[in-house]
Amino acid sequence: FIDGEKEGRERKWWWSERGEGAFSPAFTPHQQSNQKLPKKQTFAERLFARIRGGGGGNNAKDDSGALSSAPRPFARHDARLAGARVLSRAIGTHRLLLLNFYPWIQRQLAPHHRDVSLLLSALVQAAHDRVPPEALHPALRQLVDAFVHDRARPEVAVAGLKAVRELCARAPLVMDFDLLSDLAAYRKSRDKEVASAARALVSLFREVNPALLAKRERGRGADLEAAPAAFGAATVA
């Protein structure tokens with residue numbers, strides 16, 4: 001990930017793998033911090049209102065002129081990012097639905113962003129199988145367009161491919177055939193780390209949905225019947 005301490009300084013990327021399907025920077029908050037939250041959905045909505053600055057402040061008035069209890073927006077950028085860090089963990093842990101959170105992250109996804117490591121981690125942590133694929137796909141598309149392209153530096157492409165893999169591990173229905181084919185082509189990259197990251201993405205889909213891969217990428221003995229449950233099926237069950 002990117003360390004943007006000083007503008008113009010050479011940027012470096014770090015990765016921390018924490019168990020199967022885990023993807024997070026080294027400064028990920030404590031795993032247990034969101035395990036017991038009362039009124040989880042209300043907590044998430046009020047926290048997001050403070051993050052995006054849409055709460056209007058504690059002294060805002062409603063249409064009747066009475067003081068409302070709207071949450072006060074975070075004034076500092078680092079406070080908003082810290083809130084996003086907590087919120088993404090709550091969304092992923094409790095499988096909450098807060099669909100406006102993904103476009104908020106999407107608008108900020110860029111390799112040069114000072115806090116891109118936190119934003120990538122928040123996007124991945126907030127993904128789960130109850131989020132409609134069409135709500136996540138624009139963020140996935142922005143991630144690929146910004147990080148994984150022929151002119152991207154190798155470390156940027158690796159970061160993007162790893163983030164895509166972990167996002168799809170949590171919500172495999174967000175991927176489509178054409179996009180996966182484009183990303184799988186990076187297996188032949190001259191950069192070893194880029195090729196390795198692309199192979200890891202292909203390996204994931206060989207397990208979870210081999211039918212989404214081109215025939216030459218499925219490998220021998222691929223189980224074409226293996227596929228994630230249709231959206232909503234797990235929730236209804």
# chains A, B, ... in the order shown; residues from 1 in each chain; ligands from 1

call {"tool": "residues_around", "arguments": {"residues": "Leu173 in chain A", "least_positions_apart": "5", "cutoff": "12 Å", "atoms": "only C-alpha atoms", "output": "PyMOL selection string"}}
result
chain A and resi 127-137+140+167-168+180+205+208-209+212+227-232

call {"tool": "write_last_selection", "arguments": {"atoms": "N, CA, C and O atoms", "output": "compact mmCIF listing (two decimals), in the first residue's frame"}}
result
# COMPACT_ATOMS: atom_id res chain seq x y z
N ALA A 127 -17.53 -5.45 2.07
CA ALA A 127 -18.20 -6.31 1.09
C ALA A 127 -18.68 -7.60 1.75
O ALA A 127 -17.98 -8.19 2.57
N HIS A 128 -19.88 -8.03 1.40
CA HIS A 128 -20.39 -9.32 1.87
C HIS A 128 -21.50 -9.76 0.92
O HIS A 128 -21.91 -9.02 0.02
N ASP A 129 -22.00 -10.97 1.12
CA ASP A 129 -22.90 -11.58 0.14
C ASP A 129 -24.31 -11.00 0.16
O ASP A 129 -25.13 -11.34 -0.71
N ARG A 130 -24.63 -10.15 1.12
CA ARG A 130 -25.96 -9.53 1.14
C ARG A 130 -26.00 -8.20 0.40
O ARG A 130 -27.07 -7.60 0.26
N VAL A 131 -24.86 -7.72 -0.04
CA VAL A 131 -24.82 -6.47 -0.81
C VAL A 131 -25.18 -6.80 -2.26
O VAL A 131 -24.57 -7.69 -2.85
N PRO A 132 -26.14 -6.12 -2.85
CA PRO A 132 -26.47 -6.39 -4.26
C PRO A 132 -25.24 -6.21 -5.14
O PRO A 132 -24.52 -5.21 -5.01
N PRO A 133 -24.96 -7.14 -6.04
CA PRO A 133 -23.77 -7.02 -6.90
C PRO A 133 -23.74 -5.71 -7.68
O PRO A 133 -22.67 -5.13 -7.88
N GLU A 134 -24.92 -5.22 -8.09
CA GLU A 134 -24.93 -3.97 -8.85
C GLU A 134 -24.53 -2.76 -8.00
O GLU A 134 -24.13 -1.72 -8.54
N ALA A 135 -24.59 -2.89 -6.68
CA ALA A 135 -24.15 -1.80 -5.80
C ALA A 135 -22.64 -1.80 -5.64
O ALA A 135 -22.03 -0.74 -5.44
N LEU A 136 -22.02 -2.97 -5.74
CA LEU A 136 -20.57 -3.09 -5.59
C LEU A 136 -19.82 -2.95 -6.90
O LEU A 136 -18.65 -2.55 -6.92
N HIS A 137 -20.46 -3.29 -8.01
CA HIS A 137 -19.74 -3.36 -9.28
C HIS A 137 -19.11 -2.02 -9.69
O HIS A 137 -17.97 -2.02 -10.18
N LEU A 140 -15.87 -1.77 -7.95
CA LEU A 140 -14.91 -2.71 -8.53
C LEU A 140 -14.38 -2.18 -9.85
O LEU A 140 -13.17 -2.23 -10.12
N LEU A 167 -11.96 -8.74 -2.61
CA LEU A 167 -13.34 -8.27 -2.77
C LEU A 167 -14.21 -9.39 -3.33
O LEU A 167 -15.33 -9.63 -2.84
N CYS A 168 -13.70 -10.09 -4.33
CA CYS A 168 -14.46 -11.17 -4.95
C CYS A 168 -14.56 -12.39 -4.06
O CYS A 168 -15.52 -13.17 -4.17
N LEU A 180 -13.20 -10.31 -15.79
CA LEU A 180 -12.30 -11.36 -15.31
C LEU A 180 -11.33 -11.79 -16.40
O LEU A 180 -10.15 -12.05 -16.13
N PHE A 205 -11.29 -18.08 -8.71
CA PHE A 205 -12.48 -18.38 -9.50
C PHE A 205 -12.50 -19.82 -9.99
O PHE A 205 -13.57 -20.33 -10.33
N VAL A 208 -14.47 -21.00 -6.88
CA VAL A 208 -15.81 -20.50 -6.56
C VAL A 208 -16.74 -20.42 -7.75
O VAL A 208 -17.96 -20.53 -7.59
N ASN A 209 -16.19 -20.22 -8.96
CA ASN A 209 -17.06 -20.10 -10.14
C ASN A 209 -16.24 -20.31 -11.41
O ASN A 209 -16.00 -19.37 -12.18
N LEU A 212 -17.02 -18.90 -14.99
CA LEU A 212 -16.78 -17.50 -15.35
C LEU A 212 -15.44 -17.32 -16.05
O LEU A 212 -15.16 -16.25 -16.58
N ALA A 227 -20.62 -22.94 -8.27
CA ALA A 227 -20.96 -21.53 -8.48
C ALA A 227 -21.53 -20.97 -7.19
O ALA A 227 -22.15 -21.69 -6.41
N PRO A 228 -21.33 -19.68 -6.95
CA PRO A 228 -21.93 -19.07 -5.75
C PRO A 228 -23.45 -19.06 -5.87
O PRO A 228 -24.00 -19.04 -6.98
N ALA A 229 -24.12 -19.08 -4.76
CA ALA A 229 -25.58 -19.03 -4.76
C ALA A 229 -26.05 -17.72 -5.38
O ALA A 229 -25.39 -16.68 -5.26
N ALA A 230 -27.17 -17.77 -6.06
CA ALA A 230 -27.73 -16.56 -6.63
C ALA A 230 -27.99 -15.52 -5.54
O ALA A 230 -28.24 -15.88 -4.39
N PHE A 231 -27.90 -14.26 -5.92
CA PHE A 231 -28.07 -13.21 -4.92
C PHE A 231 -29.44 -13.32 -4.25
O PHE A 231 -30.47 -13.44 -4.91
N GLY A 232 -29.45 -13.29 -2.93
CA GLY A 232 -30.69 -13.37 -2.17
C GLY A 232 -31.02 -14.77 -1.71
O GLY A 232 -31.79 -14.93 -0.76

call {"tool": "closest_residue", "arguments": {"among": "A:Ala139, A:Ala184, A:Ala214, A:Ala233", "to": "Leu99 in chain A", "atoms": "only C-alpha atoms"}}
result
A:Ala139

call {"tool": "residues_around", "arguments": {"residues": "Asp145 in chain A", "least_positions_apart": "3", "cutoff": "12 Å", "atoms": "only C-alpha atoms", "output": "PyMOL selection string"}}
result
chain A and resi 106+109-111+138-142+148-152+156-157+160-161+164+179+182-183

call {"tool": "write_last_selection", "arguments": {"atoms": "N, CA and C atoms", "output": "PDB file, in the first residue's frame"}}
result
ATOM      1  N   GLN A 106     -15.702   4.788  -3.621  1.00  0.00           N
ATOM      2  CA  GLN A 106     -15.372   4.751  -5.048  1.00  0.00           C
ATOM      3  C   GLN A 106     -14.828   6.082  -5.539  1.00  0.00           C
ATOM      4  N   LEU A 109     -11.015   6.404  -4.738  1.00  0.00           N
ATOM      5  CA  LEU A 109     -10.057   5.360  -5.086  1.00  0.00           C
ATOM      6  C   LEU A 109      -9.111   5.840  -6.188  1.00  0.00           C
ATOM      7  N   ALA A 110      -7.893   6.082  -5.807  1.00  0.00           N
ATOM      8  CA  ALA A 110      -6.862   6.493  -6.758  1.00  0.00           C
ATOM      9  C   ALA A 110      -5.501   6.143  -6.152  1.00  0.00           C
ATOM     10  N   PRO A 111      -4.558   5.669  -6.954  1.00  0.00           N
ATOM     11  CA  PRO A 111      -3.255   5.270  -6.411  1.00  0.00           C
ATOM     12  C   PRO A 111      -2.503   6.385  -5.696  1.00  0.00           C
ATOM     13  N   PRO A 138     -19.778  -0.864  -9.537  1.00  0.00           N
ATOM     14  CA  PRO A 138     -19.110   0.392  -9.915  1.00  0.00           C
ATOM     15  C   PRO A 138     -17.814   0.634  -9.138  1.00  0.00           C
ATOM     16  N   ALA A 139     -17.780   0.257  -7.865  1.00  0.00           N
ATOM     17  CA  ALA A 139     -16.553   0.408  -7.089  1.00  0.00           C
ATOM     18  C   ALA A 139     -15.472  -0.538  -7.598  1.00  0.00           C
ATOM     19  N   LEU A 140     -15.870  -1.774  -7.946  1.00  0.00           N
ATOM     20  CA  LEU A 140     -14.913  -2.709  -8.527  1.00  0.00           C
ATOM     21  C   LEU A 140     -14.378  -2.175  -9.849  1.00  0.00           C
ATOM     22  N   ARG A 141     -15.249  -1.632 -10.670  1.00  0.00           N
ATOM     23  CA  ARG A 141     -14.834  -1.089 -11.959  1.00  0.00           C
ATOM     24  C   ARG A 141     -13.852   0.065 -11.788  1.00  0.00           C
ATOM     25  N   GLN A 142     -14.126   0.949 -10.825  1.00  0.00           N
ATOM     26  CA  GLN A 142     -13.219   2.062 -10.553  1.00  0.00           C
ATOM     27  C   GLN A 142     -11.875   1.557 -10.045  1.00  0.00           C
ATOM     28  N   VAL A 148      -5.304  -1.214 -12.261  1.00  0.00           N
ATOM     29  CA  VAL A 148      -4.854  -2.337 -13.091  1.00  0.00           C
ATOM     30  C   VAL A 148      -4.998  -1.975 -14.561  1.00  0.00           C
ATOM     31  N   HIS A 149      -3.930  -1.446 -15.124  1.00  0.00           N
ATOM     32  CA  HIS A 149      -3.905  -1.114 -16.546  1.00  0.00           C
ATOM     33  C   HIS A 149      -2.451  -1.164 -17.013  1.00  0.00           C
ATOM     34  N   ASP A 150      -2.257  -1.092 -18.290  1.00  0.00           N
ATOM     35  CA  ASP A 150      -0.928  -1.319 -18.867  1.00  0.00           C
ATOM     36  C   ASP A 150       0.094  -0.266 -18.459  1.00  0.00           C
ATOM     37  N   ARG A 151      -0.362   0.923 -18.107  1.00  0.00           N
ATOM     38  CA  ARG A 151       0.572   1.988 -17.741  1.00  0.00           C
ATOM     39  C   ARG A 151       0.788   2.095 -16.230  1.00  0.00           C
ATOM     40  N   ALA A 152       0.126   1.254 -15.468  1.00  0.00           N
ATOM     41  CA  ALA A 152       0.267   1.300 -14.005  1.00  0.00           C
ATOM     42  C   ALA A 152       1.629   0.745 -13.584  1.00  0.00           C
ATOM     43  N   VAL A 156       1.450  -0.841  -8.087  1.00  0.00           N
ATOM     44  CA  VAL A 156       0.064  -0.383  -8.111  1.00  0.00           C
ATOM     45  C   VAL A 156      -0.848  -1.479  -8.666  1.00  0.00           C
ATOM     46  N   ALA A 157      -0.407  -2.119  -9.745  1.00  0.00           N
ATOM     47  CA  ALA A 157      -1.193  -3.203 -10.336  1.00  0.00           C
ATOM     48  C   ALA A 157      -1.342  -4.367  -9.363  1.00  0.00           C
ATOM     49  N   GLY A 160      -3.942  -3.442  -6.823  1.00  0.00           N
ATOM     50  CA  GLY A 160      -5.275  -3.532  -7.387  1.00  0.00           C
ATOM     51  C   GLY A 160      -5.749  -4.962  -7.551  1.00  0.00           C
ATOM     52  N   LEU A 161      -4.882  -5.825  -8.061  1.00  0.00           N
ATOM     53  CA  LEU A 161      -5.269  -7.226  -8.275  1.00  0.00           C
ATOM     54  C   LEU A 161      -5.541  -7.941  -6.957  1.00  0.00           C
ATOM     55  N   VAL A 164      -8.890  -6.723  -5.696  1.00  0.00           N
ATOM     56  CA  VAL A 164      -9.973  -7.337  -6.477  1.00  0.00           C
ATOM     57  C   VAL A 164     -10.208  -8.769  -6.001  1.00  0.00           C
ATOM     58  N   LEU A 179     -14.681  -8.714 -17.554  1.00  0.00           N
ATOM     59  CA  LEU A 179     -13.711  -8.101 -16.658  1.00  0.00           C
ATOM     60  C   LEU A 179     -12.714  -9.134 -16.143  1.00  0.00           C
ATOM     61  N   ASP A 182     -10.122  -9.903 -18.783  1.00  0.00           N
ATOM     62  CA  ASP A 182      -9.099  -8.854 -18.890  1.00  0.00           C
ATOM     63  C   ASP A 182      -8.064  -8.982 -17.777  1.00  0.00           C
ATOM     64  N   LEU A 183      -8.523  -9.253 -16.562  1.00  0.00           N
ATOM     65  CA  LEU A 183      -7.602  -9.351 -15.428  1.00  0.00           C
ATOM     66  C   LEU A 183      -6.768 -10.622 -15.500  1.00  0.00           C
TER      67      LEU A 183
END

call {"tool": "closest_residue", "arguments": {"among": "A:Ile91, A:Ala126, A:Leu213, A:Ala49", "to": "Asp178 in chain A", "atoms": "only C-alpha atoms"}}
result
A:Leu213

call {"tool": "atom_distance", "arguments": {"atom1": "CA of Arg52 in chain A", "atom2": "CA of Lys40 in chain A"}}
result
18.4 Å

call {"tool": "closest_residue", "arguments": {"among": "A:Ala75, A:Asp176, A:Ala82, A:Leu47", "to": "Pro210 in chain A", "atoms": "only C-alpha atoms"}}
result
A:Asp176

call {"tool": "closest_residue", "arguments": {"among": "A:Ala200, A:Arg153, A:Met175, A:Gln41", "to": "Leu97 in chain A", "atoms": "only C-alpha atoms"}}
result
A:Gln41
